[in-house]
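Source file: input16.csv (CSV, C-alpha atoms)
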```csv
chain,number,residue,atom,x,y,z
A,1,MET,CA,-63.1,-160.5,36.9
A,2,ASN,CA,-62.9,-159.3,33.3
A,3,SER,CA,-60.2,-160.7,31.0
A,4,ALA,CA,-58.8,-159.3,27.8
A,5,PRO,CA,-59.4,-161.2,24.5
A,6,PRO,CA,-56.4,-163.0,22.9
A,7,LYS,CA,-54.1,-160.7,20.9
A,8,ALA,CA,-54.8,-161.0,17.2
A,9,PRO,CA,-51.8,-161.8,15.0
A,10,TRP,CA,-52.1,-158.5,13.1
A,11,MET,CA,-52.1,-156.4,16.3
A,12,SER,CA,-48.9,-154.8,17.7
A,13,ASP,CA,-48.2,-155.2,21.4
A,14,ALA,CA,-48.5,-151.4,21.9
A,15,GLU,CA,-51.9,-151.3,20.2
A,16,TYR,CA,-53.1,-154.3,22.3
A,17,GLN,CA,-52.0,-152.7,25.5
A,18,ARG,CA,-53.8,-149.5,24.6
A,19,LEU,CA,-57.1,-151.2,23.9
A,20,TYR,CA,-57.1,-154.0,26.6
A,21,GLY,CA,-54.4,-153.1,29.1
A,22,HIS,CA,-56.9,-152.2,31.8
A,23,LEU,CA,-58.4,-155.8,31.5
A,24,LEU,CA,-55.1,-157.7,31.7
A,25,ASN,CA,-54.4,-159.7,34.8
A,26,THR,CA,-50.9,-160.7,35.9
A,27,LYS,CA,-51.1,-164.1,34.2
A,28,THR,CA,-52.2,-162.6,30.9
A,29,GLU,CA,-49.4,-159.9,31.0
A,30,GLU,CA,-46.8,-162.6,31.6
A,31,LYS,CA,-48.1,-164.6,28.7
A,32,LEU,CA,-48.1,-161.5,26.4
A,33,GLU,CA,-44.5,-160.7,27.3
A,34,LEU,CA,-43.4,-164.2,26.6
A,35,THR,CA,-45.2,-164.5,23.3
A,36,SER,CA,-44.1,-161.1,22.0
A,37,SER,CA,-40.5,-162.2,22.3
A,38,THR,CA,-41.0,-165.6,20.5
A,39,SER,CA,-44.1,-166.1,18.3
A,40,ASN,CA,-47.9,-166.2,18.3
A,41,PRO,CA,-49.3,-169.2,20.2
A,42,VAL,CA,-51.6,-169.9,17.3
A,43,GLU,CA,-48.7,-170.2,15.0
A,44,GLU,CA,-46.8,-172.6,17.3
A,45,THR,CA,-49.5,-175.2,16.9
A,46,ASN,CA,-48.7,-175.6,13.2
A,47,THR,CA,-45.7,-177.0,11.4
A,48,THR,CA,-46.1,-175.6,7.9
A,49,THR,CA,-46.1,-172.0,6.6
A,50,GLU,CA,-49.4,-172.7,4.9
A,51,ASN,CA,-51.2,-173.8,8.1
A,52,LYS,CA,-49.7,-170.9,10.0
A,53,ASP,CA,-51.1,-168.4,7.5
A,54,LYS,CA,-54.5,-170.0,7.5
A,55,GLU,CA,-54.6,-170.0,11.3
A,56,LYS,CA,-53.4,-166.4,11.5
A,57,TYR,CA,-56.0,-165.2,8.9
A,58,SER,CA,-58.7,-167.2,10.6
A,59,VAL,CA,-58.1,-165.7,14.0
A,60,SER,CA,-57.9,-162.2,12.5
A,61,LYS,CA,-61.1,-162.7,10.6
A,62,LYS,CA,-63.0,-163.9,13.7
A,63,ARG,CA,-61.7,-161.1,15.9
A,64,ARG,CA,-62.4,-158.3,13.5
A,65,GLY,CA,-65.5,-159.6,11.6
A,66,LEU,CA,-63.8,-159.1,8.2
A,67,ASP,CA,-64.1,-161.0,5.0
A,68,SER,CA,-61.0,-161.8,3.0
A,69,SER,CA,-61.4,-158.8,0.6
A,70,SER,CA,-61.7,-156.4,3.5
A,71,TYR,CA,-58.6,-157.8,5.1
A,72,ARG,CA,-56.6,-157.5,1.9
A,73,ASP,CA,-57.8,-153.9,1.5
A,74,GLU,CA,-56.7,-153.0,5.0
A,75,GLU,CA,-53.3,-154.6,4.5
A,76,TYR,CA,-53.0,-152.6,1.2
A,77,LEU,CA,-53.9,-149.3,2.8
A,78,GLU,CA,-51.5,-149.9,5.7
A,79,ARG,CA,-48.7,-150.7,3.3
A,80,GLN,CA,-49.5,-147.6,1.2
A,81,LYS,CA,-49.5,-145.5,4.4
A,82,ARG,CA,-46.0,-146.8,5.3
A,83,GLU,CA,-44.7,-146.2,1.8
A,84,LYS,CA,-46.1,-142.6,1.8
A,85,LEU,CA,-44.5,-141.9,5.2
A,86,LEU,CA,-41.1,-143.2,4.0
A,87,ALA,CA,-41.4,-141.2,0.7
A,88,GLU,CA,-42.1,-138.0,2.8
A,89,GLN,CA,-39.1,-138.6,5.0
A,90,ILE,CA,-36.8,-139.2,2.0
A,91,LYS,CA,-38.1,-136.0,0.3
A,92,LYS,CA,-37.6,-134.0,3.5
A,93,GLN,CA,-34.0,-135.2,3.7
A,94,GLU,CA,-33.5,-134.3,0.0
A,95,ILE,CA,-34.9,-130.8,0.5
A,96,ASN,CA,-32.6,-130.3,3.5
A,97,LEU,CA,-29.6,-131.5,1.5
A,98,THR,CA,-30.6,-129.2,-1.4
A,99,ALA,CA,-31.1,-126.2,1.0
A,100,GLY,CA,-27.6,-126.9,2.4
A,101,GLY,CA,-26.1,-126.9,-1.0
A,102,LYS,CA,-24.9,-130.5,-0.6
A,103,VAL,CA,-26.7,-131.6,-3.7
A,104,ASN,CA,-28.2,-129.6,-6.6
A,105,VAL,CA,-31.9,-129.4,-7.3
A,106,ASP,CA,-31.8,-131.3,-10.6
A,107,HIS,CA,-32.3,-134.7,-9.0
A,108,MET,CA,-35.5,-133.7,-7.3
A,109,VAL,CA,-36.8,-131.9,-10.4
A,110,ILE,CA,-36.1,-134.9,-12.7
A,111,GLN,CA,-37.7,-137.3,-10.3
A,112,HIS,CA,-40.8,-135.1,-9.7
A,113,TYR,CA,-41.5,-134.5,-13.4
A,114,ASN,CA,-40.8,-138.1,-14.4
A,115,GLU,CA,-43.4,-139.2,-11.8
A,116,ARG,CA,-45.9,-136.6,-12.7
A,117,THR,CA,-45.7,-137.4,-16.4
A,118,ILE,CA,-46.4,-141.1,-15.7
A,119,MET,CA,-49.1,-140.3,-13.2
A,120,THR,CA,-51.1,-137.9,-15.4
A,121,LYS,CA,-50.7,-139.7,-18.7
A,122,ASN,CA,-54.2,-141.2,-18.7
A,123,GLU,CA,-55.9,-138.6,-16.5
A,124,ASN,CA,-58.7,-136.4,-17.7
A,125,ARG,CA,-57.4,-132.9,-17.6
A,126,ASP,CA,-61.0,-131.4,-17.2
A,127,LEU,CA,-61.4,-133.2,-13.9
A,128,SER,CA,-58.4,-131.5,-12.3
A,129,PRO,CA,-59.4,-129.6,-9.1
A,130,ILE,CA,-57.4,-126.6,-10.5
A,131,ILE,CA,-58.8,-126.7,-14.0
A,132,LYS,CA,-59.7,-122.9,-13.8
A,133,LEU,CA,-56.1,-122.1,-12.9
A,134,LYS,CA,-54.7,-124.2,-15.7
A,135,ASN,CA,-57.1,-122.5,-18.2
A,136,PHE,CA,-56.0,-119.1,-17.0
A,137,ASN,CA,-52.3,-120.0,-17.2
A,138,ASN,CA,-52.8,-121.4,-20.7
A,139,ALA,CA,-54.6,-118.2,-21.8
A,140,ILE,CA,-51.6,-116.2,-20.6
A,141,LYS,CA,-49.1,-118.4,-22.5
A,142,TYR,CA,-51.3,-118.3,-25.6
A,143,MET,CA,-51.3,-114.5,-25.7
A,144,LEU,CA,-47.6,-114.2,-24.8
A,145,ILE,CA,-46.5,-116.7,-27.5
A,146,HIS,CA,-48.6,-114.9,-30.1
A,147,LYS,CA,-47.2,-111.6,-29.0
A,148,PHE,CA,-43.5,-112.6,-29.5
A,149,THR,CA,-43.5,-115.2,-32.3
A,150,LYS,CA,-44.3,-114.6,-36.0
A,151,PRO,CA,-45.2,-116.9,-38.9
A,152,GLY,CA,-42.1,-118.8,-40.2
A,153,ASN,CA,-40.2,-118.4,-36.9
A,154,VAL,CA,-37.9,-121.0,-35.4
A,155,VAL,CA,-38.6,-121.3,-31.7
A,156,LEU,CA,-36.5,-122.8,-28.9
A,157,GLU,CA,-38.5,-123.8,-25.9
A,158,LEU,CA,-36.3,-124.4,-22.8
A,159,ALA,CA,-37.8,-126.7,-20.2
A,160,CYS,CA,-40.6,-127.6,-22.6
A,161,GLY,CA,-42.1,-130.3,-20.3
A,162,LYS,CA,-44.7,-132.6,-21.9
A,163,GLY,CA,-45.2,-130.4,-25.0
A,164,GLY,CA,-48.3,-128.6,-23.7
A,165,ASP,CA,-47.8,-125.7,-26.0
A,166,ILE,CA,-47.5,-127.5,-29.3
A,167,ARG,CA,-51.0,-126.3,-30.5
A,168,LYS,CA,-50.3,-122.8,-29.4
A,169,TYR,CA,-47.3,-122.6,-31.7
A,170,ALA,CA,-49.3,-124.2,-34.5
A,171,SER,CA,-51.7,-121.3,-34.4
A,172,CYS,CA,-48.7,-119.0,-34.9
A,173,ASN,CA,-47.6,-120.8,-38.0
A,174,ILE,CA,-44.0,-121.2,-36.9
A,175,SER,CA,-41.7,-123.3,-39.1
A,176,GLN,CA,-39.8,-125.3,-36.3
A,177,LEU,CA,-40.0,-125.9,-32.6
A,178,ILE,CA,-37.0,-127.2,-30.7
A,179,GLY,CA,-38.0,-128.4,-27.2
A,180,ILE,CA,-35.5,-129.3,-24.6
A,181,ASP,CA,-36.2,-130.7,-21.1
A,182,ILE,CA,-34.2,-132.4,-18.4
A,183,SER,CA,-37.0,-135.0,-17.7
A,184,GLU,CA,-36.8,-138.0,-20.0
A,185,GLU,CA,-40.4,-139.0,-19.3
A,186,SER,CA,-41.6,-135.5,-20.2
A,187,ILE,CA,-39.7,-135.6,-23.5
A,188,ARG,CA,-41.2,-139.1,-24.3
A,189,GLU,CA,-44.7,-137.7,-23.5
A,190,ALA,CA,-44.1,-134.6,-25.6
A,191,SER,CA,-43.0,-136.8,-28.6
A,192,ARG,CA,-46.0,-139.0,-28.1
A,193,ARG,CA,-48.3,-136.0,-28.1
A,194,TYR,CA,-46.7,-134.6,-31.3
A,195,GLN,CA,-47.0,-138.0,-33.1
A,196,LYS,CA,-50.7,-138.1,-32.2
A,197,MET,CA,-51.4,-134.6,-33.7
A,198,ARG,CA,-48.7,-134.4,-36.3
A,199,ASN,CA,-51.2,-134.6,-39.2
A,200,SER,CA,-52.7,-131.3,-38.0
A,201,ILE,CA,-49.3,-129.7,-37.3
A,202,SER,CA,-47.6,-128.0,-40.2
A,203,TYR,CA,-44.3,-127.2,-38.6
A,204,GLU,CA,-41.2,-129.4,-37.8
A,205,VAL,CA,-40.7,-130.5,-34.2
A,206,VAL,CA,-37.5,-131.7,-32.5
A,207,PHE,CA,-37.7,-132.8,-28.8
A,208,ILE,CA,-34.4,-133.4,-26.9
A,209,THR,CA,-33.5,-134.5,-23.4
A,210,GLY,CA,-31.0,-132.1,-21.9
A,211,ASP,CA,-30.1,-129.7,-19.1
A,212,CYS,CA,-31.1,-126.2,-20.3
A,213,PHE,CA,-29.6,-124.4,-17.3
A,214,GLY,CA,-26.6,-126.3,-16.0
A,215,GLU,CA,-24.8,-127.2,-19.2
A,216,SER,CA,-24.0,-125.6,-22.6
A,217,LEU,CA,-26.6,-126.5,-25.2
A,218,GLY,CA,-24.0,-127.0,-27.9
A,219,PRO,CA,-23.2,-130.7,-27.2
A,220,THR,CA,-26.9,-131.3,-26.4
A,221,VAL,CA,-28.2,-130.2,-29.9
A,222,GLU,CA,-25.2,-131.3,-31.9
A,223,PRO,CA,-26.6,-134.8,-32.6
A,224,PHE,CA,-29.7,-133.2,-34.1
A,225,PRO,CA,-28.6,-131.5,-37.4
A,226,THR,CA,-32.1,-130.6,-38.4
A,227,CYS,CA,-32.2,-127.9,-35.6
A,228,ARG,CA,-32.0,-124.5,-37.2
A,229,PHE,CA,-29.9,-122.1,-35.1
A,230,PRO,CA,-29.9,-119.3,-34.4
A,231,CYS,CA,-33.6,-119.0,-33.5
A,232,ASP,CA,-36.1,-116.2,-33.7
A,233,ALA,CA,-37.5,-116.7,-30.2
A,234,VAL,CA,-36.6,-118.5,-27.0
A,235,SER,CA,-39.4,-119.4,-24.5
A,236,VAL,CA,-39.2,-120.7,-21.0
A,237,GLN,CA,-42.5,-121.2,-19.1
A,238,PHE,CA,-42.8,-121.8,-15.4
A,239,ALA,CA,-39.2,-123.2,-15.1
A,240,LEU,CA,-36.6,-120.4,-15.0
A,241,HIS,CA,-36.6,-120.4,-11.2
A,242,TYR,CA,-34.5,-123.6,-11.3
A,243,ALA,CA,-31.7,-121.6,-13.0
A,244,PHE,CA,-31.3,-119.3,-10.0
A,245,GLU,CA,-30.0,-122.0,-7.7
A,246,THR,CA,-26.5,-120.6,-8.3
A,247,GLU,CA,-25.0,-117.7,-10.2
A,248,ALA,CA,-23.1,-120.2,-12.4
A,249,LYS,CA,-26.4,-121.8,-13.4
A,250,ALA,CA,-28.1,-118.5,-14.1
A,251,ARG,CA,-25.1,-117.4,-16.3
A,252,THR,CA,-25.1,-120.7,-18.2
A,253,MET,CA,-28.8,-120.3,-18.8
A,254,MET,CA,-28.3,-116.8,-20.1
A,255,MET,CA,-25.5,-117.8,-22.3
A,256,ASN,CA,-27.6,-120.6,-23.8
A,257,VAL,CA,-30.4,-118.0,-24.5
A,258,THR,CA,-28.2,-115.4,-26.1
A,259,LYS,CA,-26.2,-117.9,-28.2
A,260,SER,CA,-29.4,-119.4,-29.5
A,261,LEU,CA,-31.0,-116.1,-30.5
A,262,LYS,CA,-30.8,-114.0,-33.6
A,263,ILE,CA,-30.3,-110.2,-33.3
A,264,GLY,CA,-33.8,-108.8,-32.9
A,265,GLY,CA,-35.1,-112.1,-31.5
A,266,TYR,CA,-37.1,-112.4,-28.3
A,267,PHE,CA,-36.5,-114.2,-25.0
A,268,PHE,CA,-39.8,-114.4,-23.2
A,269,GLY,CA,-41.6,-116.4,-20.5
A,270,THR,CA,-43.4,-116.7,-17.2
A,271,ILE,CA,-41.7,-116.6,-13.7
A,272,PRO,CA,-42.6,-116.2,-10.0
A,273,ASP,CA,-42.9,-112.5,-9.3
A,274,SER,CA,-40.2,-111.5,-6.9
A,275,GLU,CA,-42.1,-108.3,-6.0
A,276,PHE,CA,-45.1,-110.4,-4.8
A,277,ILE,CA,-42.8,-112.7,-2.9
A,278,ARG,CA,-41.1,-109.7,-1.2
A,279,TYR,CA,-44.6,-108.3,-0.4
A,280,LYS,CA,-45.5,-111.5,1.4
A,281,LEU,CA,-42.1,-111.8,3.2
A,282,ASN,CA,-42.3,-108.2,4.4
A,283,LYS,CA,-45.4,-109.1,6.4
A,284,PHE,CA,-43.5,-111.3,8.8
A,285,PRO,CA,-41.9,-110.0,12.0
A,286,LYS,CA,-38.1,-110.2,12.1
A,287,ASN,CA,-38.2,-112.8,14.9
A,288,ARG,CA,-40.3,-115.3,13.0
A,289,GLU,CA,-38.4,-118.6,12.6
A,290,GLU,CA,-40.6,-120.4,10.1
A,291,ILE,CA,-41.5,-118.6,6.9
A,292,LYS,CA,-44.5,-120.0,5.1
A,293,TRP,CA,-47.8,-119.0,3.6
A,294,GLY,CA,-50.5,-120.3,1.2
A,295,ASN,CA,-54.1,-121.3,0.9
A,296,SER,CA,-56.1,-124.4,-0.3
A,297,VAL,CA,-54.5,-124.3,-3.7
A,298,TYR,CA,-50.8,-123.5,-3.1
A,299,ARG,CA,-48.2,-123.3,-0.3
A,300,ILE,CA,-44.8,-121.7,0.0
A,301,LYS,CA,-42.2,-122.5,2.7
A,302,PHE,CA,-38.8,-120.9,2.8
A,303,ALA,CA,-35.7,-122.9,3.7
A,304,ASP,CA,-34.7,-120.3,6.3
A,305,ASN,CA,-35.4,-116.8,7.7
A,306,GLU,CA,-32.3,-115.1,6.3
A,307,TYR,CA,-34.4,-112.5,4.5
A,308,LEU,CA,-35.9,-111.3,7.8
A,309,LYS,CA,-32.6,-111.4,9.6
A,310,ASN,CA,-30.9,-109.5,6.8
A,311,ASP,CA,-33.2,-106.5,7.4
A,312,TYR,CA,-35.8,-107.6,4.8
A,313,GLU,CA,-33.3,-108.2,2.0
A,314,PHE,CA,-32.0,-111.3,0.3
A,315,PRO,CA,-28.4,-111.9,1.4
A,316,SER,CA,-27.7,-113.1,-2.2
A,317,PRO,CA,-29.7,-112.9,-5.4
A,318,PHE,CA,-29.0,-116.6,-6.0
A,319,GLY,CA,-29.9,-119.7,-4.0
A,320,GLN,CA,-32.9,-118.2,-2.1
A,321,MET,CA,-34.8,-121.5,-1.9
A,322,TYR,CA,-38.4,-122.2,-1.0
A,323,THR,CA,-40.5,-125.3,-1.5
A,324,PHE,CA,-43.6,-124.9,-3.7
A,325,PHE,CA,-46.8,-126.9,-3.5
A,326,LEU,CA,-49.5,-126.5,-6.1
A,327,LYS,CA,-52.5,-128.8,-5.8
A,328,ASP,CA,-52.7,-131.5,-8.5
A,329,ALA,CA,-49.4,-130.2,-10.1
A,330,ILE,CA,-46.3,-129.6,-7.9
A,331,ASP,CA,-45.6,-131.5,-4.7
A,332,ASN,CA,-43.2,-129.5,-2.5
A,333,ILE,CA,-40.4,-129.1,-5.0
A,334,PRO,CA,-37.5,-126.7,-4.3
A,335,GLU,CA,-37.6,-123.5,-6.3
A,336,TYR,CA,-35.5,-120.3,-6.2
A,337,VAL,CA,-36.5,-116.6,-6.1
A,338,ILE,CA,-35.6,-114.7,-9.2
A,339,PRO,CA,-34.9,-111.1,-8.1
A,340,PHE,CA,-36.1,-109.4,-11.2
A,341,GLU,CA,-33.5,-106.7,-11.2
A,342,THR,CA,-30.8,-109.4,-11.1
A,343,LEU,CA,-32.4,-111.1,-14.1
A,344,ARG,CA,-32.5,-107.7,-15.9
A,345,SER,CA,-28.9,-107.0,-15.1
A,346,LEU,CA,-27.8,-110.4,-16.4
A,347,ALA,CA,-29.9,-109.9,-19.6
A,348,ASP,CA,-28.3,-106.5,-20.2
A,349,GLU,CA,-24.8,-108.1,-19.8
A,350,PHE,CA,-25.6,-110.6,-22.4
A,351,GLY,CA,-27.0,-108.1,-24.9
A,352,LEU,CA,-30.8,-108.4,-24.1
A,353,GLU,CA,-33.0,-105.4,-23.4
A,354,LEU,CA,-36.2,-105.5,-21.4
A,355,ARG,CA,-39.4,-105.1,-23.5
A,356,LEU,CA,-42.1,-106.5,-21.1
A,357,LYS,CA,-42.7,-107.1,-17.4
A,358,LYS,CA,-46.3,-107.4,-16.3
A,359,GLY,CA,-47.9,-109.5,-13.6
A,360,PHE,CA,-50.4,-112.1,-14.8
A,361,ASN,CA,-53.4,-110.1,-13.5
A,362,GLU,CA,-52.3,-106.9,-15.3
A,363,PHE,CA,-51.3,-108.7,-18.5
A,364,PHE,CA,-54.6,-110.6,-18.7
A,365,ALA,CA,-56.7,-107.5,-18.1
A,366,GLN,CA,-54.8,-105.5,-20.8
A,367,GLU,CA,-54.4,-108.2,-23.4
A,368,PHE,CA,-57.6,-110.3,-23.2
A,369,PRO,CA,-60.0,-107.9,-24.8
A,370,ALA,CA,-57.9,-107.9,-28.0
A,371,TRP,CA,-57.7,-111.7,-28.1
A,372,TYR,CA,-61.2,-112.5,-27.1
A,373,ASN,CA,-62.5,-113.2,-30.6
A,374,GLN,CA,-59.5,-115.5,-31.3
A,375,PHE,CA,-60.2,-117.7,-28.3
A,376,SER,CA,-62.2,-120.8,-28.9
A,377,PRO,CA,-65.7,-121.1,-27.2
A,378,ARG,CA,-64.3,-123.8,-25.0
A,379,MET,CA,-61.3,-121.6,-23.9
A,380,LYS,CA,-63.6,-118.7,-23.2
A,381,GLU,CA,-66.0,-120.9,-21.2
A,382,GLY,CA,-63.0,-122.2,-19.2
A,383,LEU,CA,-62.1,-118.6,-18.3
A,384,LYS,CA,-65.5,-117.5,-17.2
A,385,ARG,CA,-65.9,-116.6,-13.5
A,386,LYS,CA,-69.0,-117.1,-11.4
A,387,ASP,CA,-70.0,-113.5,-11.9
A,388,GLY,CA,-70.0,-113.9,-15.7
A,389,LYS,CA,-66.7,-112.0,-16.2
A,390,TYR,CA,-63.5,-113.5,-17.4
A,391,GLY,CA,-60.4,-114.3,-15.4
A,392,ILE,CA,-59.7,-116.2,-12.3
A,393,GLU,CA,-61.1,-116.0,-8.7
A,394,GLY,CA,-60.9,-117.4,-5.2
A,395,ASP,CA,-57.8,-119.1,-3.9
A,396,GLU,CA,-56.6,-119.8,-7.4
A,397,LYS,CA,-56.3,-116.1,-8.1
A,398,GLU,CA,-53.4,-115.7,-5.6
A,399,ALA,CA,-51.7,-118.8,-6.9
A,400,ALA,CA,-51.7,-117.6,-10.5
A,401,ALA,CA,-52.7,-114.0,-11.1
A,402,TYR,CA,-50.6,-112.5,-8.3
A,403,PHE,CA,-47.8,-115.1,-7.8
A,404,TYR,CA,-46.5,-115.0,-11.5
A,405,THR,CA,-45.3,-112.4,-13.9
A,406,THR,CA,-44.7,-112.3,-17.7
A,407,PHE,CA,-41.4,-111.0,-19.1
A,408,ALA,CA,-39.8,-110.4,-22.5
A,409,PHE,CA,-36.3,-109.3,-23.6
A,410,GLN,CA,-35.0,-108.5,-27.1
A,411,LYS,CA,-31.5,-109.3,-28.3
A,412,VAL,CA,-30.0,-106.1,-29.4
A,413,ARG,CA,-26.3,-107.0,-29.8
```

Would you mind writing the file out in C-alpha cells?
Amino acid sequence: MNSAPPKAPWMSDAEYQRLYGHLLNTKTEEKLELTSSTSNPVEETNTTTENKDKEKYSVSKKRRGLDSSSYRDEEYLERQKREKLLAEQIKKQEINLTAGGKVNVDHMVIQHYNERTIMTKNENRDLSPIIKLKNFNNAIKYMLIHKFTKPGNVVLELACGKGGDIRKYASCNISQLIGIDISEESIREASRRYQKMRNSISYEVVFITGDCFGESLGPTVEPFPTCRFPCDAVSVQFALHYAFETEAKARTMMMNVTKSLKIGGYFFGTIPDSEFIRYKLNKFPKNREEIKWGNSVYRIKFADNEYLKNDYEFPSPFGQMYTFFLKDAIDNIPEYVIPFETLRSLADEFGLELRLKKGFNEFFAQEFPAWYNQFSPRMKEGLKRKDGKYGIEGDEKEAAAYFYTTFAFQKVR
C-alpha cells in the first residue's frame, strides 16, 4: 500500500492534504492531526532553537531539492506576496471609507505620492512602459505653459509634485516659481531637482509643503516672505480633480486661485475631460451594477452606479468618485469628476472668464505645428509614432489624448 511522505515543516496541513491526502492511511492521518496541534516531530527531537532550525531546514531542503539560496528566495517571495495582499486589503478599505465620505482623500493622496516619489527617485525615466504617454503629456504642458506665461512672470504652481516642469518655466524666462504640494516627499524631490540644475536656471524658486485645495494659502505662504504675490499665472497640472471631493474644497481652491492672481492673469491647467467620462458612462445600461472600463494602460472604476440610476446624470457636481489606475504612475487612487460647466460657473463667480478648453488630441493637433521648431530633437523623437507622424497611438491614446483636456481662465475682476 502506498504511503504519503512525511509533512515538511514549511508545508501547511491544507497543502499537505491536497497533495498527499489520497495516500494517507488511518495511522498517518491520526499522526498528522496530533502533530498539527502540537509541533513538528522533527522539532521535538531537539532541545535548542538552533538545532530545531537546522533540522527544519535540512528536512525542507531534502524534500524539495533546494539549496539555501533558493529556500531564502522562496521565503522572501512568499513574504512579499502576503505583504502585497495585506496592502491591497488596506487600500480597498481606505477607498470604501473615502467613497462613503468617512475620511477625505488627502491621506491616500499623500501616501501614494510619497511612496511614488521614493520609488522612482533612482529609476530611468526612459525605461518606463508608458514613456510615449509621458512624452505626449509633457509636450502638452510645454505648449500650454508657453501659451499663458510671459518673460518676467511670477507663477504659482498648485500641486507642483516633484518639480517636473522646472525646465519648462526656465524656457519661458519667468522671474519666480512658487510650487506648493501636499506631499512632503514630492517637495523634497522638487527641491533636490532644483538644486541639481540651479546653475542653469535663471529664475527664483520657492517650494512649500501645503494643502492647495482644503486650506487657505495665506498661512501656508506667510513664512516665506520672498514669495511675490499676486502672481501673473496659476497653474495646476493633473491634480485639480482632488479639489472636487466636496463643494467646500472646490470653493477653497478657487479662492486660493483668485486671491493669488493679478487682474489679467491666467489660471490654466490639465484635467480629466468630463465630456469623455460621460461618453463612456452613457454606454452602460441602467441596470449595470459595476461601472468600470480601461485597457492595458489605464483603468477607471466608479464607486457606485448613481449616474446610471439618476437617468444618466450626476446626482451632484461634487464627490463623484472613481479610482484611477495608470500603468507605472498611479495605483488605483480616488479621483473626482470635474463637471466642466460647474468649474466654469465657479470661475465666473470668482471673477475668472474662460479663454480655452480643448481636449488633448485637439490641442496637440492645432498647436504642435507652430511649436515644432522649438522642440528639441529628443522631444520630437519621443513624440514620433510608428507611421512617422507625431502624437500618440495605441492604448496610450485613450489614456491621454481623449481622457484629458486643457483649460485656461483669465481674471477679469

* Considering all atoms listed in the file, state which residue in the set A:Val154, A:Met379, A:Ala347, A:Ala170 is at the smallest distance from Thr226 in chain A. => A:Val154

* **Selected residue of minimal separation from Val257 in chain A among A:Leu354, A:Asp181, A:Val105, A:Cys231, counting only C-alpha atoms** =>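 Going through A:Leu354, A:Asp181, A:Val105, A:Cys231 one by one, the smallest distance to Val257 in chain A is for A:Cys231.
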
* Structure fact -> Residue with the minimum atom-to-atom distance to Lys262 in chain A, picked from A:Gly164, A:Gly351, A:Pro377, A:Pro225 with all atoms listed in the file counted, is A:Gly351

* Asked: Which value, in Å to one decimal, gives the distance between CA of Asn138 in chain A and CA of Lys327 in chain A?
  -> 16.6 Å

* To do: Report the distance between CA of Phe350 in chain A and CA of Met321 in chain A in Å, rounded to one decimal place.
  =>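 Distance between the two atoms: 25.0 Å.
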
* Using all atoms listed in the file: which of A:Ile330, A:Val234, A:Ala250, A:Leu356 has the shortest distance to Gly179 in chain A -> A:Val234

* Asked: Hey, can you check how far CA of Leu127 in chain A sits from CA of Glu393 in chain A?
  ->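 Interatomic distance here is 18.0 Å.
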
Using all atoms of range 226-234 of chain A listed in the file and a margin of 4 Å per side, can you give the axis-aligned box centre and edge lengths in Å to one decimal, as lines of an AutoDock Vina configuration file?
```
center_x = -33.7
center_y = -123.4
center_z = -32.7
size_x = 15.6
size_y = 22.4
size_z = 19.4
```

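Nearest residue to Ala139 in chain A, choosing from A:Asp165, A:Gly218, A:Asp126, A:Tyr242 and counting all atoms listed in the file: A:Asp165.
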
* Asked: With all atoms listed in the file as the atoms that count, which of A:Lys196, A:Lys397, A:Arg385, A:Lys358 lies nearest to Ser296 in chain A?
  ->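 Smallest distance to Ser296 in chain A is found for A:Lys397.
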
* If you count only C-alpha atoms, which residues fall within 10 Å of Asp331 in chain A, apart from same-chain ones fewer than 6 positions away, as a list in words? ->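 These residues fall inside the cut-off: His112, Arg116, Tyr298, Arg299, Thr323, Phe324 and Phe325 of chain A.
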
* Residue neighbourhood Ala329 in chain A, 12 Å, all atoms listed in the file, exclusion window fewer than 5 positions, as a list of chain:residue names -> A:His112, A:Tyr113, A:Glu115, A:Arg116, A:Thr117, A:Met119, A:Thr120, A:Arg125, A:Ser128, A:Pro129, A:Ile130, A:Ile131, A:Leu133, A:Lys134, A:Phe238, A:Val297, A:Tyr298, A:Phe324
